[in-house]
$ cat entry.csv   # CSV, C-alpha atoms
chain,number,residue,atom,x,y,z
A,3,MET,CA,89.3,146.8,82.1
A,4,MET,CA,87.6,149.5,80.1
A,5,LYS,CA,84.3,148.4,78.6
A,6,VAL,CA,82.6,150.5,75.9
A,7,SER,CA,79.0,149.6,75.0
A,8,GLN,CA,76.8,150.8,72.2
A,9,LEU,CA,78.7,154.1,71.9
A,10,SER,CA,77.5,156.6,69.3
A,11,VAL,CA,78.6,160.2,68.7
A,12,VAL,CA,76.9,162.9,66.7
A,13,LEU,CA,78.8,166.1,65.9
A,14,GLU,CA,77.1,169.0,64.1
A,15,HIS,CA,74.2,166.8,63.0
A,16,HIS,CA,76.6,164.2,61.5
A,17,GLN,CA,77.0,160.8,63.1
A,18,ILE,CA,80.7,160.0,63.6
A,19,LEU,CA,80.5,156.8,65.7
A,20,HIS,CA,77.9,154.1,65.2
A,21,ASP,CA,77.1,151.8,68.1
A,22,ILE,CA,80.7,151.0,69.1
A,23,SER,CA,81.2,148.2,71.6
A,24,LEU,CA,84.8,147.4,72.7
A,25,ASP,CA,86.5,145.7,75.7
A,26,ILE,CA,90.1,146.9,76.4
A,27,ARG,CA,92.0,144.3,78.4
A,28,GLN,CA,93.9,145.5,81.5
A,29,SER,CA,97.7,145.8,80.8
A,30,SER,CA,97.2,145.5,77.0
A,31,PHE,CA,98.7,147.7,74.4
A,32,THR,CA,95.8,148.5,72.1
A,33,CYS,CA,96.4,150.4,68.8
A,34,ILE,CA,93.3,151.9,67.1
A,35,VAL,CA,93.9,152.1,63.3
A,36,GLY,CA,91.9,153.2,60.3
A,37,LYS,CA,91.8,155.7,57.5
A,38,ASN,CA,91.5,159.4,58.1
A,39,GLY,CA,87.9,160.2,59.1
A,40,SER,CA,87.2,156.7,60.4
A,41,GLY,CA,86.4,158.0,63.9
A,42,LYS,CA,89.6,156.9,65.8
A,43,SER,CA,90.3,160.2,67.5
A,44,THR,CA,86.6,160.7,68.2
A,45,LEU,CA,86.5,157.4,70.0
A,46,LEU,CA,89.5,158.4,72.1
A,47,LYS,CA,88.0,161.7,73.0
A,48,ALA,CA,84.8,160.0,74.1
A,49,MET,CA,86.7,157.7,76.3
A,50,ASN,CA,88.2,160.8,78.0
A,51,GLN,CA,84.8,162.6,78.3
A,52,TYR,CA,85.9,165.3,75.9
A,53,LEU,CA,82.6,165.2,74.0
A,54,SER,CA,79.0,164.0,74.4
A,55,TYR,CA,77.9,160.5,73.4
A,56,THR,CA,75.2,158.0,73.9
A,57,GLY,CA,76.0,154.5,75.3
A,58,THR,CA,78.2,153.6,78.3
A,59,ILE,CA,81.9,153.6,79.1
A,60,MET,CA,82.8,151.5,82.2
A,61,LEU,CA,86.2,152.0,83.8
A,62,GLU,CA,87.1,149.3,86.3
A,63,SER,CA,83.4,148.4,86.6
A,64,LYS,CA,82.4,152.0,87.2
A,65,ASP,CA,80.4,154.1,84.8
A,66,ILE,CA,82.9,156.8,83.8
A,67,THR,CA,80.3,159.5,84.0
A,68,GLN,CA,79.9,158.8,87.7
A,69,ILE,CA,83.6,159.2,88.4
A,70,SER,CA,84.7,162.7,89.5
A,71,LYS,CA,87.1,164.5,87.3
A,72,GLU,CA,89.8,164.3,90.0
A,73,GLU,CA,89.4,160.5,90.5
A,74,ARG,CA,89.3,159.9,86.8
A,75,ALA,CA,92.6,161.8,86.5
A,76,ARG,CA,94.1,159.4,89.0
A,77,MET,CA,92.9,156.5,86.9
A,78,MET,CA,93.7,157.6,83.3
A,79,CYS,CA,95.6,160.2,81.4
A,80,TYR,CA,95.3,161.5,77.8
A,81,LEU,CA,97.7,163.0,75.4
A,82,PRO,CA,95.9,164.6,72.4
A,83,GLN,CA,97.5,164.9,69.0
A,84,GLN,CA,97.3,168.7,68.8
A,85,ARG,CA,97.8,171.0,71.8
A,86,SER,CA,99.3,174.4,72.6
A,87,ILE,CA,102.8,174.7,73.9
A,88,PRO,CA,102.7,176.3,77.4
A,89,ASP,CA,105.4,178.8,78.4
A,90,MET,CA,107.0,176.7,81.1
A,91,ASN,CA,110.0,174.4,81.6
A,92,VAL,CA,110.1,170.7,81.5
A,93,GLU,CA,110.2,170.2,85.2
A,94,GLN,CA,107.1,172.4,85.6
A,95,LEU,CA,105.3,170.4,83.0
A,96,ILE,CA,106.1,167.1,84.6
A,97,SER,CA,104.9,168.5,88.0
A,98,HIS,CA,101.5,169.0,86.5
A,99,GLY,CA,101.2,165.2,86.4
A,100,ARG,CA,101.1,165.1,90.2
A,101,TYR,CA,98.2,167.6,90.6
A,102,PRO,CA,95.4,165.0,90.7
A,103,HIS,CA,97.2,163.4,93.7
A,104,LEU,CA,97.8,166.5,95.7
A,105,GLY,CA,95.6,167.8,98.6
A,106,PHE,CA,93.7,171.0,98.8
A,107,SER,CA,96.8,173.1,99.0
A,108,LYS,CA,98.2,171.6,95.7
A,109,THR,CA,101.6,171.6,97.3
A,110,LEU,CA,104.2,169.1,96.1
A,111,GLN,CA,105.4,166.8,98.9
A,112,PRO,CA,108.8,165.1,99.0
A,113,GLN,CA,107.3,161.9,97.6
A,114,ASP,CA,105.8,163.9,94.7
A,115,ILE,CA,109.2,165.4,93.9
A,116,LYS,CA,110.7,161.9,94.0
A,117,LEU,CA,108.1,160.6,91.5
A,118,ILE,CA,108.8,163.6,89.2
A,119,GLN,CA,112.5,162.9,89.2
A,120,GLN,CA,111.8,159.2,88.5
A,121,ALA,CA,109.4,160.1,85.6
A,122,ALA,CA,112.1,162.4,84.1
A,123,LYS,CA,114.6,159.6,84.3
A,124,LYS,CA,112.3,157.0,82.7
A,125,ALA,CA,111.5,159.4,79.8
A,126,GLU,CA,115.1,160.4,79.5
A,127,VAL,CA,114.5,164.1,79.9
A,128,GLU,CA,116.7,164.6,83.0
A,129,ASN,CA,119.0,166.9,81.1
A,130,LEU,CA,116.1,169.0,79.9
A,131,LEU,CA,114.4,169.8,83.2
A,132,HIS,CA,115.2,173.5,83.0
A,133,ARG,CA,114.6,174.0,79.3
A,134,ASN,CA,111.5,175.9,78.2
A,135,LEU,CA,109.2,173.7,76.2
A,136,THR,CA,109.2,176.1,73.3
A,137,SER,CA,113.0,175.5,72.8
A,138,LEU,CA,112.7,171.8,72.5
A,139,SER,CA,112.6,169.6,69.3
A,140,GLY,CA,109.3,167.7,68.6
A,141,GLY,CA,110.8,164.5,70.0
A,142,GLU,CA,112.1,166.1,73.1
A,143,ARG,CA,108.8,167.8,73.8
A,144,GLN,CA,106.9,164.6,73.3
A,145,ARG,CA,109.1,162.8,75.8
A,146,ALA,CA,108.5,165.6,78.2
A,147,TYR,CA,104.7,165.1,77.9
A,148,ILE,CA,105.1,161.4,78.4
A,149,ALA,CA,107.2,162.1,81.5
A,150,MET,CA,104.2,164.1,82.8
A,151,MET,CA,101.9,161.1,82.1
A,152,ILE,CA,104.4,158.8,83.9
A,153,ALA,CA,104.3,161.2,86.9
A,154,GLN,CA,100.5,161.1,86.9
A,155,ASP,CA,100.9,157.4,87.6
A,156,THR,CA,97.6,156.2,86.1
A,157,ASP,CA,96.8,152.6,85.1
A,158,TYR,CA,95.5,153.8,81.7
A,159,ILE,CA,97.5,155.9,79.2
A,160,LEU,CA,95.6,157.2,76.2
A,161,LEU,CA,97.5,158.8,73.3
A,162,ASP,CA,96.4,160.2,69.9
A,163,GLU,CA,99.1,159.5,67.3
A,164,PRO,CA,102.0,160.4,69.5
A,165,THR,CA,104.7,159.8,66.8
A,166,THR,CA,103.1,162.0,64.1
A,167,PHE,CA,105.5,164.5,62.5
A,168,LEU,CA,108.5,163.1,64.5
A,169,ASP,CA,111.8,161.9,62.9
A,170,VAL,CA,112.2,158.2,62.8
A,171,GLU,CA,114.7,158.0,65.7
A,172,TYR,CA,112.2,159.9,67.9
A,173,GLN,CA,109.4,157.7,66.8
A,174,LEU,CA,111.3,154.7,67.9
A,175,ASP,CA,112.2,156.3,71.2
A,176,ILE,CA,108.6,157.1,72.0
A,177,MET,CA,107.3,153.6,71.0
A,178,ASP,CA,110.1,151.9,73.0
A,179,LEU,CA,109.2,154.0,76.0
A,180,LEU,CA,105.5,153.1,75.7
A,181,HIS,CA,106.4,149.5,75.3
A,182,LYS,CA,108.4,149.6,78.6
A,183,LEU,CA,105.5,151.3,80.4
A,184,ASN,CA,103.2,148.5,79.1
A,185,ARG,CA,105.5,145.8,80.3
A,186,GLN,CA,105.4,147.5,83.7
A,187,GLY,CA,101.6,146.9,83.8
A,188,LYS,CA,100.2,150.1,82.2
A,189,THR,CA,97.3,149.8,79.8
A,190,ILE,CA,98.1,151.7,76.6
A,191,ILE,CA,95.4,152.8,74.2
A,192,MET,CA,96.8,154.6,71.2
A,193,VAL,CA,95.5,155.9,68.0
A,194,ALA,CA,98.1,155.1,65.3
A,195,HIS,CA,98.5,156.1,61.7
A,196,ASP,CA,101.6,154.0,60.9
A,197,LEU,CA,100.4,150.4,60.4
A,198,PRO,CA,103.8,148.5,60.6
A,199,GLN,CA,104.6,150.5,63.7
A,200,ALA,CA,101.2,149.8,65.3
A,201,PHE,CA,101.3,146.1,64.5
A,202,SER,CA,104.9,145.8,65.7
A,203,TYR,CA,104.2,147.1,69.2
A,204,ALA,CA,100.5,146.4,69.9
A,205,SER,CA,99.1,143.4,71.6
A,206,ASP,CA,95.7,144.2,70.2
A,207,ILE,CA,94.6,146.0,67.1
A,208,VAL,CA,91.2,147.8,66.7
A,209,LEU,CA,90.4,148.4,63.0
A,210,MET,CA,87.9,151.1,62.4
A,211,ASP,CA,86.1,152.2,59.2
A,212,GLN,CA,83.4,154.8,58.7
A,213,GLY,CA,82.7,155.1,62.5
A,214,ARG,CA,82.4,151.4,63.1
A,215,ILE,CA,84.7,148.7,64.5
A,216,ILE,CA,85.6,146.2,61.7
A,217,SER,CA,87.9,144.0,63.8
A,218,HIS,CA,89.4,143.7,67.2
A,219,SER,CA,92.1,141.0,67.4
A,220,LYS,CA,95.7,140.2,67.8
A,221,PRO,CA,98.1,141.4,65.1
A,222,ASP,CA,99.0,137.9,63.9
A,223,GLU,CA,95.3,137.0,63.7
A,224,LEU,CA,94.3,140.2,61.8
A,225,ILE,CA,97.0,139.7,59.1
A,226,GLN,CA,95.5,136.3,58.2
A,227,THR,CA,92.3,138.1,57.1
A,228,ASP,CA,91.6,140.5,54.2
A,229,GLU,CA,90.3,143.3,56.5
A,230,ILE,CA,93.4,145.5,56.3
A,231,TYR,CA,93.5,145.2,52.6
A,232,HIS,CA,89.8,146.0,52.2
A,233,CYS,CA,90.3,149.2,54.3
A,234,PHE,CA,93.7,150.4,53.1
A,235,GLY,CA,94.4,148.6,49.8
A,236,VAL,CA,97.6,147.0,51.2
A,237,HIS,CA,98.5,143.9,53.3
A,238,VAL,CA,100.5,144.0,56.5
A,239,ARG,CA,102.8,141.0,56.7
A,240,LEU,CA,105.4,139.7,59.1
A,241,SER,CA,108.8,140.9,57.9
A,242,GLN,CA,111.2,138.2,56.6
A,243,ASN,CA,114.2,140.7,56.7
A,244,PRO,CA,115.9,140.9,60.2
A,245,ASN,CA,117.2,144.3,59.2
A,246,ASP,CA,113.7,145.8,58.7
A,247,LEU,CA,112.8,148.6,61.1
A,248,TYR,CA,109.6,147.0,62.3
A,249,ARG,CA,108.5,143.4,62.7
A,250,TYR,CA,105.7,144.0,60.2
A,251,THR,CA,105.8,145.5,56.7
A,252,PHE,CA,103.5,146.5,53.8
A,253,GLU,CA,102.7,144.4,50.8
A,254,ARG,CA,100.5,145.1,47.8
$ encode --input "entry.csv" --output "structure tokens"
Amino acid sequence: MMKVSQLSVVLEHHQILHDISLDIRQSSFTCIVGKNGSGKSTLLKAMNQYLSYTGTIMLESKDITQISKEERARMMCYLPQQRSIPDMNVEQLISHGRYPHLGFSKTLQPQDIKLIQQAAKKAEVENLLHRNLTSLSGGERQRAYIAMMIAQDTDYILLDEPTTFLDVEYQLDIMDLLHKLNRQGKTIIMVAHDLPQAFSYASDIVLMDQGRIISHSKPDELIQTDEIYHCFGVHVRLSQNPNDLYRYTFER
């Protein structure tokens, strides 16, 4: 379990997060939703120790600030929304996922190579291993990064809007892949912008507004309240059309 207690973040003299407390269940698929500027990405960055905060974050009953960077990288991995594209091929990128598990020599062993191959297969990038990342489409590149996360073999996978700017088919590919990883026992914590998509895949929804958590509940429980409407001006409802792309849809 990840337990966040009384977490506050101040950036450039402006308070972004206000006294956040949140328990993330092990093996859950948690989507964090909210309007732009609500603090979603800031919360995810704090969980990853990317910025300073007050309060505590416990990971598997350990204060995360007391866990070494190397050990933390063996427990959780993080995919930010914006990042530079390194000049390397897909196989090299995936190999980076094994680095926290290597010894002082940082030399890949046969078992590491096997895990890299398995990760490429799970993410369906086997045919891209020798392609440079700069030559890939957005969806292909995103699958390559997720293959790296699979190779890292952590219990917790954190992602910031991983389907943003992708074509619909790639969005579905990424979400289906994350769903499979979750069914295999991985804890997924994901910032999401697409509400029907988030509700259709998540086991838990965290709704944020103005740096505070408004609700943390199951999707079916949250749609019975007016919280989504108060935040976004729309309702999210279970779809009645079997041909709809997602299980949930918008209503005014």
$ closest_residue --input "entry.csv" --among "A:Ser40, A:Ser137, A:Glu14, A:Leu46" --to "Ile216 (chain A)" --atoms "all atoms listed in the file"
A:Ser40
$ closest_atom_pairs --input "entry.csv" --of "region 104-211 of chain A" --to "region 47-63 of chain A" --cutoff "10 Å" --atoms "all atoms listed in the file" --output "tab-separated table"
residue	atom	partner	partner_atom	distance
A:Tyr158	CA	A:Leu61	CA	9.7
A:Leu160	CA	A:Asn50	CA	8.4
A:Leu161	CA	A:Lys47	CA	9.9
A:Asp162	CA	A:Lys47	CA	9.1
$ residues_around --input "entry.csv" --residues "region 234-237 of chain A" --least-positions-apart "2" --cutoff "12 Å" --atoms "all atoms listed in the file" --output "MDAnalysis selection string"
chainID A and resid 35:38 40 195:198 201 209:211 224:232 239:241 250:254
$ write_last_selection --input "entry.csv" --atoms "C-alpha atoms" --output "short mmCIF file (atom, residue, chain, number, x, y, z; two decimals), in the frame of the given file"
data_model
loop_
_atom_site.label_atom_id
_atom_site.label_comp_id
_atom_site.auth_asym_id
_atom_site.auth_seq_id
_atom_site.Cartn_x
_atom_site.Cartn_y
_atom_site.Cartn_z
CA VAL A 35 93.90 152.10 63.30
CA GLY A 36 91.90 153.20 60.30
CA LYS A 37 91.80 155.70 57.50
CA ASN A 38 91.50 159.40 58.10
CA SER A 40 87.20 156.70 60.40
CA HIS A 195 98.50 156.10 61.70
CA ASP A 196 101.60 154.00 60.90
CA LEU A 197 100.40 150.40 60.40
CA PRO A 198 103.80 148.50 60.60
CA PHE A 201 101.30 146.10 64.50
CA LEU A 209 90.40 148.40 63.00
CA MET A 210 87.90 151.10 62.40
CA ASP A 211 86.10 152.20 59.20
CA LEU A 224 94.30 140.20 61.80
CA ILE A 225 97.00 139.70 59.10
CA GLN A 226 95.50 136.30 58.20
CA THR A 227 92.30 138.10 57.10
CA ASP A 228 91.60 140.50 54.20
CA GLU A 229 90.30 143.30 56.50
CA ILE A 230 93.40 145.50 56.30
CA TYR A 231 93.50 145.20 52.60
CA HIS A 232 89.80 146.00 52.20
CA ARG A 239 102.80 141.00 56.70
CA LEU A 240 105.40 139.70 59.10
CA SER A 241 108.80 140.90 57.90
CA TYR A 250 105.70 144.00 60.20
CA THR A 251 105.80 145.50 56.70
CA PHE A 252 103.50 146.50 53.80
CA GLU A 253 102.70 144.40 50.80
CA ARG A 254 100.50 145.10 47.80
#
$ closest_residue --input "entry.csv" --among "A:Thr109, A:Gly99, A:Ser205, A:Pro82" --to "Ser219 (chain A)" --atoms "only C-alpha atoms"
A:Ser205
$ atom_distance --input "entry.csv" --atom1 "CA of Asn91 (chain A)" --atom2 "CA of Leu110 (chain A)"
16.5 Å
$ residues_near_point --input "entry.csv" --point "(91.2, 161.4, 85.5)" --cutoff "6 Å" --atoms "all atoms listed in the file" --output "list in words"
Lys71, Glu72, Glu73, Arg74, Ala75, Arg76, Met77 and Met78 of chain A
$ closest_residue --input "entry.csv" --among "A:Ile115, A:Leu95, A:Asp157, A:Gln173" --to "Leu135 (chain A)" --atoms "all atoms listed in the file"
A:Leu95
$ closest_residue --input "entry.csv" --among "A:Leu130, A:Ile159, A:Val12, A:Cys33" --to "Val208 (chain A)" --atoms "all atoms listed in the file"
A:Cys33
$ atom_distance --input "entry.csv" --atom1 "CA of Lys123 (chain A)" --atom2 "CA of Ala146 (chain A)"
10.5 Å
$ atom_distance --input "entry.csv" --atom1 "CA of Asp114 (chain A)" --atom2 "CA of Ser70 (chain A)"
21.8 Å
$ residues_around --input "entry.csv" --residues "Gln212 (chain A)" --least-positions-apart "5" --cutoff "8 Å" --atoms "all atoms listed in the file" --output "ChimeraX atom specification"
/A:18-19,39-41
$ closest_residue --input "entry.csv" --among "A:Glu163, A:Glu126, A:Asp65, A:Asp222" --to "Leu179 (chain A)" --atoms "only C-alpha atoms"
A:Glu126
$ closest_residue --input "entry.csv" --among "A:Met4, A:His103, A:Gln186, A:Ala149" --to "Glu128 (chain A)" --atoms "all atoms listed in the file"
A:Ala149
$ residues_around --input "entry.csv" --residues "Leu24 (chain A)" --least-positions-apart "6" --cutoff "8 Å" --atoms "all atoms listed in the file" --output "ChimeraX atom specification"
/A:5-7
$ write_last_selection --input "entry.csv" --atoms "C-alpha atoms" --output "PDB file, in the frame of the given file"
ATOM      1  CA  LYS A   5      84.300 148.400  78.600  1.00  0.00           C
ATOM      2  CA  VAL A   6      82.600 150.500  75.900  1.00  0.00           C
ATOM      3  CA  SER A   7      79.000 149.600  75.000  1.00  0.00           C
TER       4      SER A   7
END
$ residues_near_point --input "entry.csv" --point "(112.0, 165.9, 75.7)" --cutoff "9 Å" --atoms "all atoms listed in the file" --output "list in words"
Val92, Ala125, Glu126, Val127, Glu128, Asn129, Leu130, Leu131, Leu135, Leu138, Ser139, Gly140, Gly141, Glu142, Arg143, Gln144, Arg145, Ala146, Tyr147, Ile148 and Ala149 of chain A
$ write_last_selection --input "entry.csv" --atoms "C-alpha atoms" --output "mmCIF file, in the coordinates of the input"
data_model
loop_
_atom_site.group_PDB
_atom_site.id
_atom_site.type_symbol
_atom_site.label_atom_id
_atom_site.label_comp_id
_atom_site.auth_asym_id
_atom_site.auth_seq_id
_atom_site.Cartn_x
_atom_site.Cartn_y
_atom_site.Cartn_z
ATOM 1 C CA VAL A 92 110.100 170.700 81.500
ATOM 2 C CA ALA A 125 111.500 159.400 79.800
ATOM 3 C CA GLU A 126 115.100 160.400 79.500
ATOM 4 C CA VAL A 127 114.500 164.100 79.900
ATOM 5 C CA GLU A 128 116.700 164.600 83.000
ATOM 6 C CA ASN A 129 119.000 166.900 81.100
ATOM 7 C CA LEU A 130 116.100 169.000 79.900
ATOM 8 C CA LEU A 131 114.400 169.800 83.200
ATOM 9 C CA LEU A 135 109.200 173.700 76.200
ATOM 10 C CA LEU A 138 112.700 171.800 72.500
ATOM 11 C CA SER A 139 112.600 169.600 69.300
ATOM 12 C CA GLY A 140 109.300 167.700 68.600
ATOM 13 C CA GLY A 141 110.800 164.500 70.000
ATOM 14 C CA GLU A 142 112.100 166.100 73.100
ATOM 15 C CA ARG A 143 108.800 167.800 73.800
ATOM 16 C CA GLN A 144 106.900 164.600 73.300
ATOM 17 C CA ARG A 145 109.100 162.800 75.800
ATOM 18 C CA ALA A 146 108.500 165.600 78.200
ATOM 19 C CA TYR A 147 104.700 165.100 77.900
ATOM 20 C CA ILE A 148 105.100 161.400 78.400
ATOM 21 C CA ALA A 149 107.200 162.100 81.500
#
$ residues_around --input "entry.csv" --residues "Asp206 (chain A)" --least-positions-apart "5" --cutoff "12 Å" --atoms "only C-alpha atoms" --output "PyMOL selection string"
chain A and resi 24-35+189-193+200-201+217-224
